[in-house]
file data.tsv (TSV, C-alpha atoms and all ligand atoms)
chain	number	residue	atom	x	y	z
E	1	MET	CA	39.26	-30.75	3.19
E	2	SER	CA	42.92	-30.14	4.11
E	3	ASP	CA	42.55	-31.80	7.53
E	4	GLN	CA	41.13	-34.94	5.90
E	5	ILE	CA	43.85	-35.23	3.26
E	6	LYS	CA	46.65	-36.19	5.67
E	7	ARG	CA	48.96	-34.90	2.97
E	8	ASN	CA	52.25	-35.56	4.75
E	9	PRO	CA	52.51	-39.37	5.05
E	10	HIS	CA	55.45	-39.14	7.47
E	11	PRO	CA	54.96	-38.09	11.10
E	12	ASP	CA	58.66	-37.10	11.14
E	13	PHE	CA	59.34	-35.95	7.58
E	14	LYS	CA	62.93	-34.82	8.17
E	15	LYS	CA	63.85	-38.20	9.69
E	16	VAL	CA	62.45	-40.12	6.70
E	17	GLU	CA	64.15	-37.73	4.28
E	18	ALA	CA	67.51	-38.19	6.05
E	19	SER	CA	67.22	-41.96	5.58
E	20	ARG	CA	67.07	-41.57	1.80
E	21	PRO	CA	69.94	-41.30	-0.68
E	22	ALA	CA	71.11	-37.74	-1.36
E	23	TRP	CA	69.98	-35.87	-4.48
E	24	ASP	CA	71.98	-37.25	-7.38
E	25	ASP	CA	73.51	-34.14	-8.87
E	26	ALA	CA	75.40	-36.20	-11.44
E	27	SER	CA	72.18	-37.55	-12.90
E	28	ARG	CA	71.67	-35.83	-16.25
E	29	PHE	CA	69.01	-36.22	-18.93
E	30	ARG	CA	69.86	-39.05	-21.33
E	31	PHE	CA	68.24	-41.21	-23.98
E	32	THR	CA	68.08	-45.01	-23.67
E	33	ARG	CA	66.75	-47.71	-26.00
E	34	THR	CA	63.11	-48.73	-25.66
E	35	VAL	CA	62.10	-51.68	-23.45
E	36	ASP	CA	62.02	-53.94	-26.53
E	37	PRO	CA	63.66	-52.51	-29.64
E	38	ASP	CA	62.49	-55.67	-31.53
E	39	TRP	CA	58.82	-55.03	-30.75
E	40	ALA	CA	56.62	-55.60	-33.83
E	41	PHE	CA	52.94	-54.81	-34.61
E	42	GLY	CA	50.63	-57.05	-32.58
E	43	HIS	CA	53.21	-57.94	-29.94
E	44	GLY	CA	51.34	-56.18	-27.12
E	45	SER	CA	53.06	-55.77	-23.78
E	46	ASP	CA	56.38	-57.18	-22.66
E	47	GLY	CA	54.55	-59.81	-20.61
E	48	SER	CA	55.39	-58.28	-17.25
E	49	SER	CA	51.79	-57.09	-16.62
E	50	SER	CA	50.40	-58.72	-13.49
E	51	SER	CA	47.36	-60.99	-13.58
E	52	SER	CA	46.17	-59.40	-10.33
E	53	LYS	CA	42.47	-58.48	-10.57
E	54	HIS	CA	41.14	-54.93	-10.88
E	55	ILE	CA	38.92	-53.21	-8.31
E	56	ALA	CA	36.08	-50.94	-9.55
E	57	ILE	CA	35.64	-47.77	-7.50
E	58	ASP	CA	32.49	-45.63	-7.57
E	59	PRO	CA	33.72	-42.09	-6.81
E	60	TYR	CA	30.41	-41.43	-5.05
E	61	ALA	CA	30.06	-44.73	-3.17
E	62	PRO	CA	28.27	-44.13	0.15
E	63	GLY	CA	30.76	-43.24	2.87
E	64	ARG	CA	33.65	-42.57	0.46
E	65	PRO	CA	35.12	-39.15	1.35
E	66	ASP	CA	35.64	-36.79	-1.63
E	67	VAL	CA	39.24	-36.37	-0.57
E	68	PHE	CA	39.86	-40.06	-1.40
E	69	ASN	CA	39.09	-39.24	-5.06
E	70	TYR	CA	41.57	-36.35	-4.88
E	71	LYS	CA	44.29	-38.61	-3.47
E	72	LEU	CA	43.54	-41.44	-5.90
E	73	LEU	CA	43.45	-39.21	-8.98
E	74	ILE	CA	46.62	-37.28	-8.23
E	75	SER	CA	48.48	-40.54	-7.61
E	76	GLY	CA	47.17	-42.21	-10.80
E	77	ILE	CA	47.28	-39.39	-13.35
E	78	VAL	CA	51.06	-39.00	-13.27
E	79	PRO	CA	53.45	-37.43	-13.93
E	80	ARG	CA	51.63	-34.10	-14.16
E	81	PRO	CA	53.26	-30.93	-15.45
E	82	ILE	CA	53.02	-28.01	-13.04
E	83	ALA	CA	51.93	-24.48	-13.91
E	84	PHE	CA	53.79	-22.12	-11.63
E	85	LEU	CA	51.40	-19.20	-11.93
E	86	SER	CA	52.35	-15.59	-11.40
E	87	THR	CA	49.40	-13.18	-11.04
E	88	ARG	CA	48.75	-9.75	-9.57
E	89	SER	CA	45.76	-7.97	-8.11
E	90	ALA	CA	43.77	-5.56	-10.27
E	91	ASP	CA	45.29	-2.49	-8.57
E	92	GLY	CA	48.79	-4.00	-8.73
E	93	SER	CA	49.25	-3.70	-4.97
E	94	SER	CA	49.77	-7.43	-4.41
E	95	THR	CA	51.38	-10.23	-6.37
E	96	ASN	CA	50.96	-13.97	-6.20
E	97	LEU	CA	52.92	-17.05	-7.09
E	98	ALA	CA	51.63	-20.62	-6.68
E	99	PRO	CA	51.95	-24.09	-8.28
E	100	PHE	CA	49.03	-25.88	-9.96
E	101	SER	CA	49.33	-29.40	-11.31
E	102	TYR	CA	45.80	-29.71	-12.66
E	103	PHE	CA	47.48	-28.33	-15.76
E	104	ASN	CA	48.31	-29.04	-19.34
E	105	VAL	CA	48.60	-27.61	-22.86
E	106	MET	CA	45.48	-28.39	-24.88
E	107	SER	CA	46.11	-26.78	-28.25
E	108	HIS	CA	48.79	-24.84	-30.12
E	109	ASP	CA	46.63	-22.87	-32.57
E	110	PRO	CA	45.68	-20.95	-30.60
E	111	PRO	CA	48.05	-21.91	-27.76
E	112	LEU	CA	45.59	-23.01	-25.07
E	113	PHE	CA	46.29	-24.22	-21.56
E	114	VAL	CA	44.01	-25.54	-18.86
E	115	VAL	CA	44.41	-25.05	-15.11
E	116	GLY	CA	42.04	-26.56	-12.53
E	117	PHE	CA	41.37	-24.82	-9.24
E	118	ALA	CA	39.92	-26.79	-6.33
E	119	SER	CA	37.68	-23.85	-5.50
E	120	GLY	CA	34.65	-22.00	-6.79
E	121	ILE	CA	35.04	-18.36	-7.82
E	122	ASP	CA	33.08	-16.94	-4.88
E	123	ALA	CA	35.19	-18.85	-2.38
E	124	ALA	CA	38.34	-17.59	-4.08
E	125	VAL	CA	37.22	-13.96	-4.24
E	126	ALA	CA	35.31	-13.55	-0.98
E	127	LYS	CA	37.08	-16.07	1.27
E	128	GLY	CA	40.56	-16.02	-0.25
E	129	ALA	CA	40.54	-19.78	-0.95
E	130	LYS	CA	42.83	-19.38	-3.97
E	131	ASP	CA	44.36	-15.93	-4.42
E	132	THR	CA	45.60	-16.87	-7.88
E	133	LEU	CA	42.04	-17.55	-9.04
E	134	ARG	CA	40.86	-14.30	-7.48
E	135	ASN	CA	43.54	-12.40	-9.42
E	136	LEU	CA	42.66	-14.25	-12.63
E	137	VAL	CA	39.00	-13.29	-12.21
E	138	GLU	CA	39.94	-9.65	-11.59
E	139	THR	CA	42.70	-9.16	-14.17
E	140	ARG	CA	42.21	-12.08	-16.61
E	141	GLU	CA	45.96	-12.50	-17.07
E	142	ALA	CA	48.91	-14.47	-15.68
E	143	VAL	CA	52.31	-15.95	-16.46
E	144	VAL	CA	52.71	-19.74	-16.50
E	145	ASN	CA	56.26	-20.65	-15.48
E	146	ILE	CA	57.61	-24.19	-15.77
E	147	ILE	CA	59.39	-25.47	-12.66
E	148	SER	CA	62.98	-26.63	-13.10
E	149	GLU	CA	65.02	-28.74	-10.68
E	150	SER	CA	67.06	-25.71	-9.60
E	151	PHE	CA	64.15	-24.03	-7.81
E	152	LEU	CA	61.83	-26.86	-6.77
E	153	GLU	CA	61.99	-26.16	-3.03
E	154	ALA	CA	61.31	-22.48	-3.64
E	155	ALA	CA	58.36	-23.28	-5.92
E	156	ASN	CA	56.92	-25.72	-3.39
E	157	ALA	CA	57.20	-23.07	-0.66
E	158	THR	CA	54.82	-20.81	-2.60
E	159	SER	CA	51.96	-23.27	-2.02
E	160	ILE	CA	51.94	-21.94	1.54
E	161	ASP	CA	48.49	-20.85	2.75
E	162	ALA	CA	49.56	-17.21	2.98
E	163	PRO	CA	46.83	-14.60	3.52
E	164	TYR	CA	45.87	-12.39	0.56
E	165	GLY	CA	48.45	-9.65	0.11
E	166	VAL	CA	51.43	-11.68	1.40
E	167	SER	CA	53.81	-12.05	-1.55
E	168	GLU	CA	55.01	-15.59	-2.19
E	169	TRP	CA	57.93	-14.10	-4.15
E	170	ASP	CA	59.47	-13.14	-0.82
E	171	VAL	CA	58.58	-16.47	0.80
E	172	ALA	CA	60.30	-18.31	-2.06
E	173	GLY	CA	63.22	-15.97	-2.68
E	174	LEU	CA	62.60	-16.09	-6.41
E	175	THR	CA	63.19	-13.16	-8.76
E	176	PRO	CA	60.38	-11.32	-10.54
E	177	VAL	CA	61.17	-9.92	-13.99
E	178	ARG	CA	58.79	-7.25	-15.17
E	179	ASP	CA	59.41	-7.32	-18.92
E	180	CYS	CA	56.27	-9.10	-20.09
E	181	GLU	CA	54.87	-7.72	-23.32
E	182	THR	CA	51.18	-8.64	-23.14
E	183	VAL	CA	50.41	-8.97	-19.40
E	184	ARG	CA	51.25	-6.91	-16.34
E	185	CYS	CA	52.40	-9.78	-14.11
E	186	ALA	CA	56.04	-10.67	-13.57
E	187	ARG	CA	57.64	-13.82	-14.93
E	188	VAL	CA	60.03	-15.93	-12.83
E	189	ALA	CA	63.63	-15.10	-13.80
E	190	GLU	CA	64.83	-18.56	-12.73
E	191	ALA	CA	62.34	-20.33	-15.06
E	192	VAL	CA	63.78	-21.61	-18.34
E	193	PHE	CA	60.33	-21.48	-19.96
E	194	SER	CA	57.45	-19.10	-19.24
E	195	VAL	CA	54.27	-18.20	-21.11
E	196	GLU	CA	52.25	-15.01	-20.84
E	197	VAL	CA	48.55	-15.97	-20.79
E	198	LYS	CA	45.13	-14.33	-20.91
E	199	VAL	CA	41.91	-15.90	-19.62
E	200	ASP	CA	39.83	-17.37	-22.44
E	201	GLU	CA	37.18	-18.89	-20.19
E	202	LEU	CA	36.49	-19.66	-16.54
E	203	LYS	CA	34.02	-22.49	-15.91
E	204	GLU	CA	32.77	-23.47	-12.48
E	205	HIS	CA	31.48	-26.90	-11.52
E	206	GLY	CA	29.37	-27.79	-8.49
E	207	SER	CA	29.98	-30.78	-6.25
E	208	LYS	CA	28.09	-33.91	-7.39
E	209	ARG	CA	26.77	-34.30	-3.84
E	210	ASP	CA	25.56	-30.68	-3.66
E	211	PRO	CA	25.66	-28.91	-7.04
E	212	SER	CA	25.01	-25.52	-5.39
E	213	ASN	CA	28.41	-25.89	-3.70
E	214	LYS	CA	30.88	-24.74	-6.36
E	215	THR	CA	33.99	-26.80	-5.72
E	216	SER	CA	35.94	-26.48	-8.96
E	217	THR	CA	36.90	-23.84	-11.51
E	218	ILE	CA	38.56	-24.72	-14.79
E	219	ALA	CA	40.50	-21.89	-16.41
E	220	ILE	CA	41.22	-22.01	-20.12
E	221	LEU	CA	44.20	-19.73	-20.75
E	222	GLU	CA	45.49	-18.49	-24.08
E	223	GLY	CA	49.24	-18.09	-24.52
E	224	THR	CA	50.15	-14.65	-25.88
E	225	ARG	CA	53.95	-14.66	-25.54
E	226	PHE	CA	56.56	-17.40	-24.97
E	227	TRP	CA	59.81	-16.79	-23.08
E	228	VAL	CA	62.62	-19.34	-23.43
E	229	ARG	CA	66.12	-19.09	-21.99
E	230	GLU	CA	68.48	-18.65	-24.92
E	231	ASP	CA	70.76	-21.58	-24.11
E	232	ALA	CA	67.76	-23.97	-23.98
E	233	LEU	CA	66.38	-22.97	-27.39
E	234	ASN	CA	67.41	-24.31	-30.82
E	235	GLU	CA	68.11	-22.05	-33.77
E	236	GLU	CA	64.66	-22.44	-35.29
E	237	LYS	CA	63.12	-21.43	-31.95
E	238	ASN	CA	60.89	-24.52	-31.94
E	239	LEU	CA	62.53	-26.91	-29.47
E	240	ILE	CA	63.40	-26.66	-25.77
E	241	ASP	CA	66.28	-28.83	-24.57
E	242	PRO	CA	65.07	-31.08	-21.69
E	243	ALA	CA	68.64	-31.33	-20.40
E	244	ILE	CA	68.52	-27.59	-19.69
E	245	LEU	CA	64.84	-27.26	-18.80
E	246	ARG	CA	65.23	-30.09	-16.25
E	247	PRO	CA	61.47	-30.11	-15.65
E	248	ILE	CA	59.87	-31.22	-12.40
E	249	SER	CA	56.51	-32.95	-12.45
E	250	ARG	CA	54.11	-33.90	-9.72
E	251	LEU	CA	53.21	-37.42	-8.62
E	252	GLY	CA	50.75	-38.42	-5.86
E	253	GLY	CA	50.75	-37.08	-2.31
E	254	ILE	CA	53.70	-34.76	-1.73
E	255	SER	CA	55.93	-36.47	-4.33
E	256	TYR	CA	57.66	-34.80	-7.22
E	257	ALA	CA	59.58	-36.44	-10.08
E	258	ARG	CA	62.59	-35.58	-12.21
E	259	THR	CA	62.80	-36.34	-15.91
E	260	THR	CA	66.24	-37.83	-16.35
E	261	GLU	CA	65.63	-40.61	-18.87
E	262	ALA	CA	63.78	-40.68	-22.16
E	263	LEU	CA	63.48	-42.87	-25.23
E	264	GLU	CA	62.38	-42.15	-28.77
E	265	LEU	CA	59.89	-44.02	-30.96
E	266	PRO	CA	59.05	-43.04	-34.55
E	267	ARG	CA	55.33	-42.42	-35.26
E	268	PRO	CA	54.07	-45.44	-37.31
E	269	LYS	CA	52.42	-45.01	-40.73
E	270	PHE	CA	49.65	-47.42	-41.78
E	271	GLU	CA	50.93	-47.88	-45.34
E	272	ASP	CA	54.70	-47.64	-44.85
E	273	HIS	CA	55.11	-49.60	-41.65
E	274	LEU	CA	52.09	-51.90	-41.30
E	275	GLY	CA	51.80	-52.57	-45.05
E	276	GLY	CA	48.33	-51.06	-45.41
E	277	HIS	CA	45.18	-53.23	-45.37
E	278	GLU	CA	47.08	-56.21	-46.76
E	279	GLY	CA	49.60	-56.06	-43.91
E	280	PHE	CA	46.82	-55.58	-41.39
E	281	GLU	CA	44.91	-58.67	-42.64
E	282	LYS	CA	48.12	-60.71	-42.50
E	283	LEU	CA	48.70	-59.59	-38.92
E	284	LYS	CA	45.10	-60.47	-37.92
E	285	ASN	CA	45.31	-63.90	-39.55
E	286	SER	CA	48.69	-64.69	-38.00
E	287	LYS	CA	47.15	-63.98	-34.55
E	288	ARG	CA	44.24	-66.37	-35.26
E	289	SER	CA	46.46	-69.26	-36.34
E	301	LIG	C1	52.86	-29.07	-6.66
E	301	LIG	C2	51.53	-28.50	-6.27
E	301	LIG	C3	50.50	-28.55	-7.17
E	301	LIG	C4	49.26	-27.99	-6.85
E	301	LIG	N1	48.24	-28.05	-7.74
E	301	LIG	C5	47.05	-27.47	-7.46
E	301	LIG	C6	46.01	-27.48	-8.42
E	301	LIG	O1	46.15	-28.00	-9.52
E	301	LIG	N2	44.85	-26.88	-8.09
E	301	LIG	C7	44.67	-26.26	-6.88
E	301	LIG	O2	43.59	-25.72	-6.65
E	301	LIG	N3	45.64	-26.21	-5.95
E	301	LIG	C8	46.84	-26.80	-6.23
E	301	LIG	N4	47.86	-26.75	-5.31
E	301	LIG	C9	47.66	-25.98	-4.08
E	301	LIG	C10	47.93	-24.50	-4.31
E	301	LIG	O3	49.23	-24.27	-4.81
E	301	LIG	C11	47.78	-23.81	-2.94
E	301	LIG	O4	46.43	-23.86	-2.54
E	301	LIG	C12	48.26	-22.39	-2.94
E	301	LIG	O5	48.25	-21.91	-1.63
E	301	LIG	C13	47.39	-21.49	-3.78
E	301	LIG	O6	47.99	-20.23	-3.73
E	301	LIG	P1	47.18	-18.91	-3.87
E	301	LIG	O7	46.17	-18.86	-2.73
E	301	LIG	O8	48.21	-17.87	-3.79
E	301	LIG	O9	46.50	-18.97	-5.19
E	301	LIG	C14	49.08	-27.35	-5.59
E	301	LIG	C15	50.14	-27.32	-4.67
E	301	LIG	C16	51.35	-27.89	-5.01
E	301	LIG	C17	52.47	-27.85	-4.02
call {"tool": "encode", "arguments": {"input": "data.tsv", "output": "structure tokens"}}
result
Amino acid sequence: MSDQIKRNPHPDFKKVEASRPAWDDASRFRFTRTVDPDWAFGHGSDGSSSSSKHIAIDPYAPGRPDVFNYKLLISGIVPRPIAFLSTRSADGSSTNLAPFSYFNVMSHDPPLFVVGFASGIDAAVAKGAKDTLRNLVETREAVVNIISESFLEAANATSIDAPYGVSEWDVAGLTPVRDCETVRCARVAEAVFSVEVKVDELKEHGSKRDPSNKTSTIAILEGTRFWVREDALNEEKNLIDPAILRPISRLGGISYARTTEALELPRPKFEDHLGGHEGFEKLKNSKRS
């Protein structure tokens, strides 16, 4: 698949990069107002949505390469958090570090995370398609580290197609800390937030074109210990400061994004803010007139 992806859109990447503005080191996380602080129930969008028509795409349309669905999905489901996974082999002789953006938190009680591997288990174990998955199958444990701006290049470097046994820690130049309490893998010292996890479930899926060809494995991981850098954590130990976490997310292709601007919106209550059923009827009737 990797030949078909044409992942790097620029024949001369360094030239294109040099033509862009430099990294804005002064840019710091800040809150702004919302687009329309006067928005009221029923107001819909700000009117800037285009009237351009939509195109329906059948993911399995004849002649459509599977890799097109990969490219489309990773450019449309954005921004995606990235699990920077640290694992080790069953005998502890090799360690692995790699980023995975088919990732999210799914529940807090218990703390559950999902990571998607573009590989079946056999391919990962026998052919070394994804060493991280192989280690997860063998040891059923890992550390999820969240990528901060300060080590993005290093984290990206770990996605290198290194053969099994080559440590991406060395490739990246990141620092392993071996103080985890519930797993035997190292956490990334440079990460502001890390989570020790154990495998809850591994579920394979076959390709729709050939179900015997296992092309995907979804790992459900249970968080067993959280690690937060002290200066990023509030006193109650229930909030991580985004200005210190400085999280990096993934967009389509080879693009990453910073989170430098946010806005807040209170969660509306049906009775208090909409006026209950009476308010709702009024709103409906005002739209009709
Ligand atoms: C930002 C980023 C996100 C990625 N997300 C995924 C993913 O969600 N699933 C996947 O199978 N591969 C993903 N990859 C590719 C893996 O990181 C890559 O195959 C890596 O070599 C796997 O390492 P391993 O063989 O040590 O497990 C991603 C790569 C990058 C750079």
call {"tool": "residues_around", "arguments": {"input": "data.tsv", "residues": "segment 128-135 of chain E", "least_positions_apart": "3", "cutoff": "8 Å", "atoms": "all atoms listed in the file", "output": "list in words"}}
result
Leu85, Ser86, Thr87, Arg88, Ser89, Ala90, Asn96, Leu97, Ala98, Phe117, Ser119, Ile121, Ala123, Ala124, Val125, Glu138, Thr139, Arg140, Pro163 and Tyr164 of chain E
call {"tool": "closest_atom_pairs", "arguments": {"input": "data.tsv", "of": "segment 146-185 of chain E", "to": "segment 69-84 of chain E", "cutoff": "8 Å", "atoms": "all atoms listed in the file", "output": "JSON lines"}}
result
{"residue": "E:Ile146", "atom": "CA", "partner": "E:Ala83", "partner_atom": "CA", "distance": 6.0}
{"residue": "E:Ile147", "atom": "CA", "partner": "E:Phe84", "partner_atom": "CA", "distance": 6.6}
{"residue": "E:Ala155", "atom": "CA", "partner": "E:Phe84", "partner_atom": "CA", "distance": 7.4}
call {"tool": "atom_distance", "arguments": {"input": "data.tsv", "atom1": "atom CA of Leu174 of chain E", "atom2": "atom CA of Tyr102 of chain E"}}
result
22.5 Å
call {"tool": "atom_distance", "arguments": {"input": "data.tsv", "atom1": "atom CA of Ser286 of chain E", "atom2": "atom CA of Gly44 of chain E"}}
result
14.1 Å
call {"tool": "residues_around", "arguments": {"input": "data.tsv", "residues": "Pro266 of chain E", "least_positions_apart": "4", "cutoff": "12 Å", "atoms": "only C-alpha atoms", "output": "ChimeraX atom specification"}}
result
/E:34,37,273
call {"tool": "residues_around", "arguments": {"input": "data.tsv", "residues": "Ala40 of chain E", "least_positions_apart": "3", "cutoff": "12 Å", "atoms": "only C-alpha atoms", "output": "VMD selection string"}}
result
chain E and resid 36 to 37 43 to 46 268 273 to 274 283
call {"tool": "axis_aligned_box", "arguments": {"input": "data.tsv", "around": "segment 77-94 of chain E", "padding_each_side": "4 Å", "output": "JSON"}}
result
{"center_x": 48.8, "center_y": -20.9, "center_z": -9.9, "size_x": 18.0, "size_y": 44.9, "size_z": 19.0}
call {"tool": "closest_residue", "arguments": {"input": "data.tsv", "among": "E:Val114, E:Thr158, E:Asp66, E:Leu233", "to": "Leu202 of chain E", "atoms": "only C-alpha atoms"}}
result
E:Val114
call {"tool": "atom_distance", "arguments": {"input": "data.tsv", "atom1": "atom O4 of ligand LIG 301 (chain E)", "atom2": "atom CA of Glu168 of chain E"}}
result
11.9 Å
